[in-house]
Amino acid sequence: MITIIAFIFFILGLIIGSFLNVVIIRLNTEKSFGGRSACMSCQNQLVWYELIPVFSFLGLGGRCRNCKTKISIQYPLVELATGLIFMLLFLKFQNIFFQNTFIFSLIYAYYAVMFSLLVVIATYDLKHKIIPDVLALVLGVLAFIGLFFFSTSGSLSFYPHLPSFLDFFSGLFIAAIFALFWLVSKGAWMGLGDAKLSVGLGWLLGFSMMLSGVVIAFWIGAIIGLLLVIFSKKHGMRSELPFAPYLVLGALLAFLFELHLF
């Protein structure tokens with residue numbers, strides 16, 4: 001039973017991931033998020049069987065049906081990542097699902113929206129090496145509102161309440177660390193966008209889990225950065241690497257497994 005329901009949420013995530021790709025591609029362009037999808041090269045409008053998440057990419061061999069231009073691997077990866085996140089969120093909240101469907105719906109919808117937004121931020125930063133202020137702002141506003149309704153202290157729950165002092169200032173505490181790195185290095189070590197992003201992440205996860213997520217992000221970033229320096233000719237010690245993907249991954253792992261390393 002749980003396996004079937006988890007698979008349904010995975011499929012839902014694939015569908016949402018397809019829309020997130022549209023947002024990532026069209027953000028900060030003159031194109032709207034609505035309208036028919038088309039090939040980025042020949043502008044040929046896509047038919048229904050070219051819009052099936054993951055399977056269309058595989059069926060087309062990763063190329064446009066009309067002009068044979070390679071389709072970015074971003075499309076299936078974002079869809080798979082979103083599907084996996086949606087499934088893991090269900091597995092995390094499955095006890096609430098069987099106890100109170102209404103509360104589950106509120107909790108699941110909130111965190112599904114938040115982590116979908118984080119997928120967009122991480123992918124956009126990976127592509128353009130910048131975190132759009134509007135996305136960081138939306139994340140921060142939603143996370144701040146969530147402080148008064150969602151509690152991450154102990155078992156995750158939903159109820160209107162006043163956040164603790166540490167939870168209330170957790171986003172600012174975490175952001176101050178990144179802002180200090182940015183200030184001391186004059187932007188060489190860390191971008192100011194990472195500080196803006198960490199405000200929302202701190203409010204979303206709480207101080208303890210987010211601090212754990214930051215440490216995991218630095219570990220993952222250090223390992224991948226070192227591997228890129230060793231094995232990639234395109235990257236050197238002075239290469240600029242976007243940090244938001246590592247920060248989002250660290251936050252996701254800390255949230256899913258409720259990590260409190262300190």
# chains A, B, ... in the order shown; residues from 1 in each chain; ligands from 1
>>> residues_around(residues="segment 169-182 of chain A", least_positions_apart="3", cutoff="10 Å", atoms="only C-alpha atoms", output="JSON, numbers by chain")
{"A": [140, 143, 144, 163, 164, 165, 166, 185, 186, 187, 188, 189, 190, 191, 192, 193, 194, 195, 196, 197, 198, 199, 200, 201, 202, 203, 204, 205, 206, 207, 208, 210, 211, 214]}
>>> write_last_selection(atoms="N, CA and C atoms", output="mmCIF file, in the first residue's frame")
data_model
loop_
_atom_site.group_PDB
_atom_site.id
_atom_site.type_symbol
_atom_site.label_atom_id
_atom_site.label_comp_id
_atom_site.auth_asym_id
_atom_site.auth_seq_id
_atom_site.Cartn_x
_atom_site.Cartn_y
_atom_site.Cartn_z
ATOM 1 N N GLY A 140 11.950 33.297 1.423
ATOM 2 C CA GLY A 140 12.037 33.893 2.748
ATOM 3 C C GLY A 140 10.670 34.236 3.315
ATOM 4 N N ALA A 143 8.788 30.983 4.163
ATOM 5 C CA ALA A 143 9.411 30.329 5.316
ATOM 6 C C ALA A 143 9.082 31.080 6.602
ATOM 7 N N PHE A 144 9.072 32.417 6.521
ATOM 8 C CA PHE A 144 8.753 33.223 7.705
ATOM 9 C C PHE A 144 7.298 32.985 8.138
ATOM 10 N N PRO A 163 6.792 31.277 17.315
ATOM 11 C CA PRO A 163 8.077 30.556 17.264
ATOM 12 C C PRO A 163 8.972 30.950 18.427
ATOM 13 N N SER A 164 9.899 30.064 18.760
ATOM 14 C CA SER A 164 10.860 30.357 19.811
ATOM 15 C C SER A 164 11.828 31.437 19.341
ATOM 16 N N PHE A 165 12.564 31.993 20.278
ATOM 17 C CA PHE A 165 13.532 33.040 19.941
ATOM 18 C C PHE A 165 14.550 32.526 18.924
ATOM 19 N N LEU A 166 15.056 31.311 19.134
ATOM 20 C CA LEU A 166 16.067 30.758 18.236
ATOM 21 C C LEU A 166 15.498 30.505 16.856
ATOM 22 N N SER A 185 35.877 38.175 2.280
ATOM 23 C CA SER A 185 36.541 37.788 1.026
ATOM 24 C C SER A 185 36.235 38.733 -0.124
ATOM 25 N N LYS A 186 35.375 39.728 0.128
ATOM 26 C CA LYS A 186 34.931 40.661 -0.919
ATOM 27 C C LYS A 186 34.299 39.921 -2.099
ATOM 28 N N GLY A 187 33.540 38.879 -1.758
ATOM 29 C CA GLY A 187 32.806 38.115 -2.765
ATOM 30 C C GLY A 187 33.580 36.986 -3.401
ATOM 31 N N ALA A 188 34.844 36.763 -2.991
ATOM 32 C CA ALA A 188 35.657 35.717 -3.616
ATOM 33 C C ALA A 188 35.284 34.329 -3.109
ATOM 34 N N TRP A 189 34.922 34.215 -1.829
ATOM 35 C CA TRP A 189 34.599 32.903 -1.254
ATOM 36 C C TRP A 189 33.132 32.540 -1.417
ATOM 37 N N MET A 190 32.292 33.539 -1.300
ATOM 38 C CA MET A 190 30.861 33.292 -1.239
ATOM 39 C C MET A 190 30.111 34.473 -1.843
ATOM 40 N N GLY A 191 29.031 34.184 -2.574
ATOM 41 C CA GLY A 191 28.216 35.252 -3.129
ATOM 42 C C GLY A 191 27.197 35.742 -2.113
ATOM 43 N N LEU A 192 26.770 36.961 -2.254
ATOM 44 C CA LEU A 192 25.769 37.514 -1.344
ATOM 45 C C LEU A 192 24.424 36.810 -1.511
ATOM 46 N N GLY A 193 24.198 36.248 -2.692
ATOM 47 C CA GLY A 193 22.955 35.511 -2.930
ATOM 48 C C GLY A 193 22.815 34.313 -2.008
ATOM 49 N N ASP A 194 23.940 33.683 -1.644
ATOM 50 C CA ASP A 194 23.891 32.544 -0.724
ATOM 51 C C ASP A 194 23.420 32.980 0.655
ATOM 52 N N ALA A 195 23.815 34.177 1.067
ATOM 53 C CA ALA A 195 23.354 34.719 2.351
ATOM 54 C C ALA A 195 21.857 34.977 2.307
ATOM 55 N N LYS A 196 21.380 35.536 1.195
ATOM 56 C CA LYS A 196 19.936 35.798 1.053
ATOM 57 C C LYS A 196 19.145 34.487 1.060
ATOM 58 N N LEU A 197 19.681 33.473 0.391
ATOM 59 C CA LEU A 197 19.018 32.177 0.340
ATOM 60 C C LEU A 197 18.950 31.532 1.719
ATOM 61 N N SER A 198 20.008 31.680 2.495
ATOM 62 C CA SER A 198 20.080 31.019 3.796
ATOM 63 C C SER A 198 19.114 31.607 4.816
ATOM 64 N N VAL A 199 18.627 32.833 4.579
ATOM 65 C CA VAL A 199 17.608 33.401 5.466
ATOM 66 C C VAL A 199 16.368 32.515 5.450
ATOM 67 N N GLY A 200 15.863 32.236 4.240
ATOM 68 C CA GLY A 200 14.687 31.381 4.107
ATOM 69 C C GLY A 200 14.938 29.963 4.567
ATOM 70 N N LEU A 201 16.125 29.435 4.260
ATOM 71 C CA LEU A 201 16.447 28.070 4.669
ATOM 72 C C LEU A 201 16.507 27.949 6.184
ATOM 73 N N GLY A 202 17.065 28.960 6.842
ATOM 74 C CA GLY A 202 17.141 28.932 8.303
ATOM 75 C C GLY A 202 15.766 28.929 8.943
ATOM 76 N N TRP A 203 14.852 29.734 8.410
ATOM 77 C CA TRP A 203 13.481 29.752 8.918
ATOM 78 C C TRP A 203 12.743 28.471 8.584
ATOM 79 N N LEU A 204 13.064 27.873 7.459
ATOM 80 C CA LEU A 204 12.377 26.652 7.026
ATOM 81 C C LEU A 204 12.747 25.454 7.897
ATOM 82 N N LEU A 205 14.032 25.312 8.209
ATOM 83 C CA LEU A 205 14.504 24.124 8.917
ATOM 84 C C LEU A 205 14.719 24.345 10.410
ATOM 85 N N GLY A 206 14.890 25.588 10.824
ATOM 86 C CA GLY A 206 15.277 25.820 12.207
ATOM 87 C C GLY A 206 16.796 25.828 12.314
ATOM 88 N N PHE A 207 17.302 26.411 13.400
ATOM 89 C CA PHE A 207 18.734 26.653 13.516
ATOM 90 C C PHE A 207 19.561 25.370 13.509
ATOM 91 N N SER A 208 19.165 24.397 14.305
ATOM 92 C CA SER A 208 19.975 23.184 14.463
ATOM 93 C C SER A 208 20.087 22.393 13.166
ATOM 94 N N MET A 210 19.420 23.423 10.099
ATOM 95 C CA MET A 210 20.037 24.182 9.014
ATOM 96 C C MET A 210 21.538 24.277 9.198
ATOM 97 N N LEU A 211 22.001 24.408 10.436
ATOM 98 C CA LEU A 211 23.440 24.418 10.679
ATOM 99 C C LEU A 211 24.056 23.093 10.251
ATOM 100 N N VAL A 214 24.243 23.164 6.478
ATOM 101 C CA VAL A 214 25.351 23.994 5.994
ATOM 102 C C VAL A 214 26.656 23.205 6.032
#
>>> select_by_dssp(residues="segment 15-261 of chain A", states="strand (DSSP E or B)", output="count of residues only")
8
>>> residues_around(residues="Phe149 of chain A", least_positions_apart="4", cutoff="9 Å", atoms="only C-alpha atoms", output="list in words")
Ile145, Ser157, Phe158, Tyr159, Pro160, His161, Leu162 and Pro163 of chain A
>>> write_last_selection(atoms="C-alpha atoms", output="tab-separated table (two decimals), in the first residue's frame")
chain	number	residue	atom	x	y	z
A	145	ILE	CA	4.98	32.63	7.50
A	157	SER	CA	3.51	19.17	13.23
A	158	PHE	CA	1.07	21.88	12.16
A	159	TYR	CA	-0.54	24.27	14.64
A	160	PRO	CA	-0.70	28.08	14.99
A	161	HIS	CA	1.94	29.20	17.51
A	162	LEU	CA	4.60	31.77	18.28
A	163	PRO	CA	8.08	30.56	17.26
>>> select_by_dssp(residues="segment 43-206 of chain A", states="alpha helix (DSSP H)", output="JSON, numbers by chain")
{"A": [55, 56, 57, 58, 59, 74, 75, 76, 77, 78, 79, 80, 81, 82, 83, 84, 85, 86, 87, 88, 89, 90, 91, 92, 94, 95, 96, 97, 98, 99, 101, 102, 103, 104, 105, 106, 107, 108, 109, 110, 111, 112, 113, 114, 115, 116, 117, 118, 119, 120, 121, 122, 123, 124, 125, 126, 127, 128, 133, 134, 135, 136, 137, 138, 139, 140, 141, 142, 143, 144, 145, 146, 165, 166, 167, 168, 169, 170, 171, 172, 173, 174, 175, 176, 177, 178, 179, 180, 181, 182, 183, 184, 185, 192, 193, 194, 195, 196, 197, 198, 199, 200, 201, 202, 203, 204, 205]}
>>> write_last_selection(atoms="C-alpha atoms", output="JSON list (two decimals), in the first residue's frame")
[["chain", "number", "residue", "atom", "x", "y", "z"],
["A", 55, "PHE", "CA", 10.04, 9.12, -21.00],
["A", 56, "SER", "CA", 9.82, 11.64, -23.85],
["A", 57, "PHE", "CA", 13.51, 12.46, -23.41],
["A", 58, "LEU", "CA", 14.41, 8.77, -23.51],
["A", 59, "GLY", "CA", 12.07, 7.99, -26.39],
["A", 74, "GLN", "CA", 18.54, 19.33, -17.28],
["A", 75, "TYR", "CA", 14.99, 18.34, -18.25],
["A", 76, "PRO", "CA", 14.97, 14.70, -17.10],
["A", 77, "LEU", "CA", 17.28, 15.40, -14.14],
["A", 78, "VAL", "CA", 15.03, 18.12, -12.72],
["A", 79, "GLU", "CA", 11.97, 15.92, -13.26],
["A", 80, "LEU", "CA", 13.60, 12.93, -11.57],
["A", 81, "ALA", "CA", 14.91, 15.04, -8.70],
["A", 82, "THR", "CA", 11.47, 16.56, -8.09],
["A", 83, "GLY", "CA", 9.81, 13.15, -8.31],
["A", 84, "LEU", "CA", 12.28, 11.73, -5.80],
["A", 85, "ILE", "CA", 11.78, 14.67, -3.43],
["A", 86, "PHE", "CA", 7.98, 14.34, -3.59],
["A", 87, "MET", "CA", 8.22, 10.62, -2.85],
["A", 88, "LEU", "CA", 10.65, 11.11, 0.04],
["A", 89, "LEU", "CA", 8.44, 13.83, 1.53],
["A", 90, "PHE", "CA", 5.53, 11.39, 1.53],
["A", 91, "LEU", "CA", 7.64, 8.71, 3.20],
["A", 92, "LYS", "CA", 8.72, 11.24, 5.84],
["A", 94, "GLN", "CA", 3.48, 8.84, 6.05],
["A", 95, "ASN", "CA", 2.50, 8.46, 9.71],
["A", 96, "ILE", "CA", 0.61, 11.76, 9.56],
["A", 97, "PHE", "CA", -1.01, 10.61, 6.29],
["A", 98, "PHE", "CA", -2.65, 7.65, 8.02],
["A", 99, "GLN", "CA", -3.52, 9.57, 11.19],
["A", 101, "THR", "CA", -5.27, 13.31, 6.06],
["A", 102, "PHE", "CA", -6.17, 17.00, 6.37],
["A", 103, "ILE", "CA", -3.10, 17.87, 8.47],
["A", 104, "PHE", "CA", -0.97, 15.77, 6.13],
["A", 105, "SER", "CA", -2.30, 17.73, 3.15],
["A", 106, "LEU", "CA", -1.34, 21.05, 4.76],
["A", 107, "ILE", "CA", 2.14, 19.91, 5.80],
["A", 108, "TYR", "CA", 2.88, 18.10, 2.55],
["A", 109, "ALA", "CA", 1.66, 20.94, 0.33],
["A", 110, "TYR", "CA", 3.78, 23.48, 2.20],
["A", 111, "TYR", "CA", 7.03, 21.52, 2.07],
["A", 112, "ALA", "CA", 6.41, 20.34, -1.50],
["A", 113, "VAL", "CA", 6.10, 23.99, -2.58],
["A", 114, "MET", "CA", 9.19, 25.02, -0.61],
["A", 115, "PHE", "CA", 11.43, 22.29, -1.95],
["A", 116, "SER", "CA", 10.10, 22.78, -5.49],
["A", 117, "LEU", "CA", 11.16, 26.40, -5.15],
["A", 118, "LEU", "CA", 14.56, 25.24, -3.93],
["A", 119, "VAL", "CA", 14.93, 22.97, -6.97],
["A", 120, "VAL", "CA", 14.36, 26.00, -9.20],
["A", 121, "ILE", "CA", 16.88, 28.08, -7.23],
["A", 122, "ALA", "CA", 19.55, 25.37, -7.24],
["A", 123, "THR", "CA", 19.18, 24.63, -10.97],
["A", 124, "TYR", "CA", 19.09, 28.30, -11.94],
["A", 125, "ASP", "CA", 22.25, 28.96, -9.91],
["A", 126, "LEU", "CA", 23.93, 25.97, -11.52],
["A", 127, "LYS", "CA", 23.10, 27.31, -15.00],
["A", 128, "HIS", "CA", 23.70, 31.03, -14.50],
["A", 133, "ASP", "CA", 16.49, 37.95, -5.68],
["A", 134, "VAL", "CA", 12.79, 37.36, -6.36],
["A", 135, "LEU", "CA", 13.14, 33.62, -5.67],
["A", 136, "ALA", "CA", 15.12, 34.18, -2.47],
["A", 137, "LEU", "CA", 12.49, 36.72, -1.39],
["A", 138, "VAL", "CA", 9.55, 34.37, -2.07],
["A", 139, "LEU", "CA", 11.34, 31.58, -0.18],
["A", 140, "GLY", "CA", 12.04, 33.89, 2.75],
["A", 141, "VAL", "CA", 8.46, 35.20, 2.96],
["A", 142, "LEU", "CA", 6.90, 31.72, 2.80],
["A", 143, "ALA", "CA", 9.41, 30.33, 5.32],
["A", 144, "PHE", "CA", 8.75, 33.22, 7.71],
["A", 145, "ILE", "CA", 4.98, 32.63, 7.50],
["A", 146, "GLY", "CA", 5.60, 28.93, 8.09],
["A", 165, "PHE", "CA", 13.53, 33.04, 19.94],
["A", 166, "LEU", "CA", 16.07, 30.76, 18.24],
["A", 167, "ASP", "CA", 13.64, 29.74, 15.49],
["A", 168, "PHE", "CA", 12.63, 33.36, 14.91],
["A", 169, "PHE", "CA", 16.23, 34.50, 14.39],
["A", 170, "SER", "CA", 17.57, 31.26, 12.88],
["A", 171, "GLY", "CA", 17.43, 32.60, 9.31],
["A", 172, "LEU", "CA", 19.30, 35.75, 10.26],
["A", 173, "PHE", "CA", 21.92, 33.83, 12.27],
["A", 174, "ILE", "CA", 22.69, 31.49, 9.36],
["A", 175, "ALA", "CA", 22.66, 34.35, 6.85],
["A", 176, "ALA", "CA", 25.11, 36.31, 9.02],
["A", 177, "ILE", "CA", 27.67, 33.52, 8.63],
["A", 178, "PHE", "CA", 27.51, 33.68, 4.83],
["A", 179, "ALA", "CA", 27.39, 37.47, 4.83],
["A", 180, "LEU", "CA", 30.58, 37.48, 6.90],
["A", 181, "PHE", "CA", 32.30, 35.17, 4.38],
["A", 182, "TRP", "CA", 31.15, 37.46, 1.56],
["A", 183, "LEU", "CA", 32.32, 40.59, 3.37],
["A", 184, "VAL", "CA", 35.74, 39.28, 4.44],
["A", 185, "SER", "CA", 36.54, 37.79, 1.03],
["A", 192, "LEU", "CA", 25.77, 37.51, -1.34],
["A", 193, "GLY", "CA", 22.95, 35.51, -2.93],
["A", 194, "ASP", "CA", 23.89, 32.54, -0.72],
["A", 195, "ALA", "CA", 23.35, 34.72, 2.35],
["A", 196, "LYS", "CA", 19.94, 35.80, 1.05],
["A", 197, "LEU", "CA", 19.02, 32.18, 0.34],
["A", 198, "SER", "CA", 20.08, 31.02, 3.80],
["A", 199, "VAL", "CA", 17.61, 33.40, 5.47],
["A", 200, "GLY", "CA", 14.69, 31.38, 4.11],
["A", 201, "LEU", "CA", 16.45, 28.07, 4.67],
["A", 202, "GLY", "CA", 17.14, 28.93, 8.30],
["A", 203, "TRP", "CA", 13.48, 29.75, 8.92],
["A", 204, "LEU", "CA", 12.38, 26.65, 7.03],
["A", 205, "LEU", "CA", 14.50, 24.12, 8.92]]
>>> closest_residue(among="A:Ile16, A:Ala222, A:Met1, A:Leu27", to="Ile52 of chain A", atoms="only C-alpha atoms")
A:Ile16
>>> atom_distance(atom1="atom CA of Leu46 of chain A", atom2="atom CA of Ile11 of chain A")
20.8 Å
>>> atom_distance(atom1="atom CA of Phe255 of chain A", atom2="atom CA of Val23 of chain A")
24.6 Å
>>> atom_distance(atom1="atom CA of Ser212 of chain A", atom2="atom CA of Phe243 of chain A")
15.7 Å
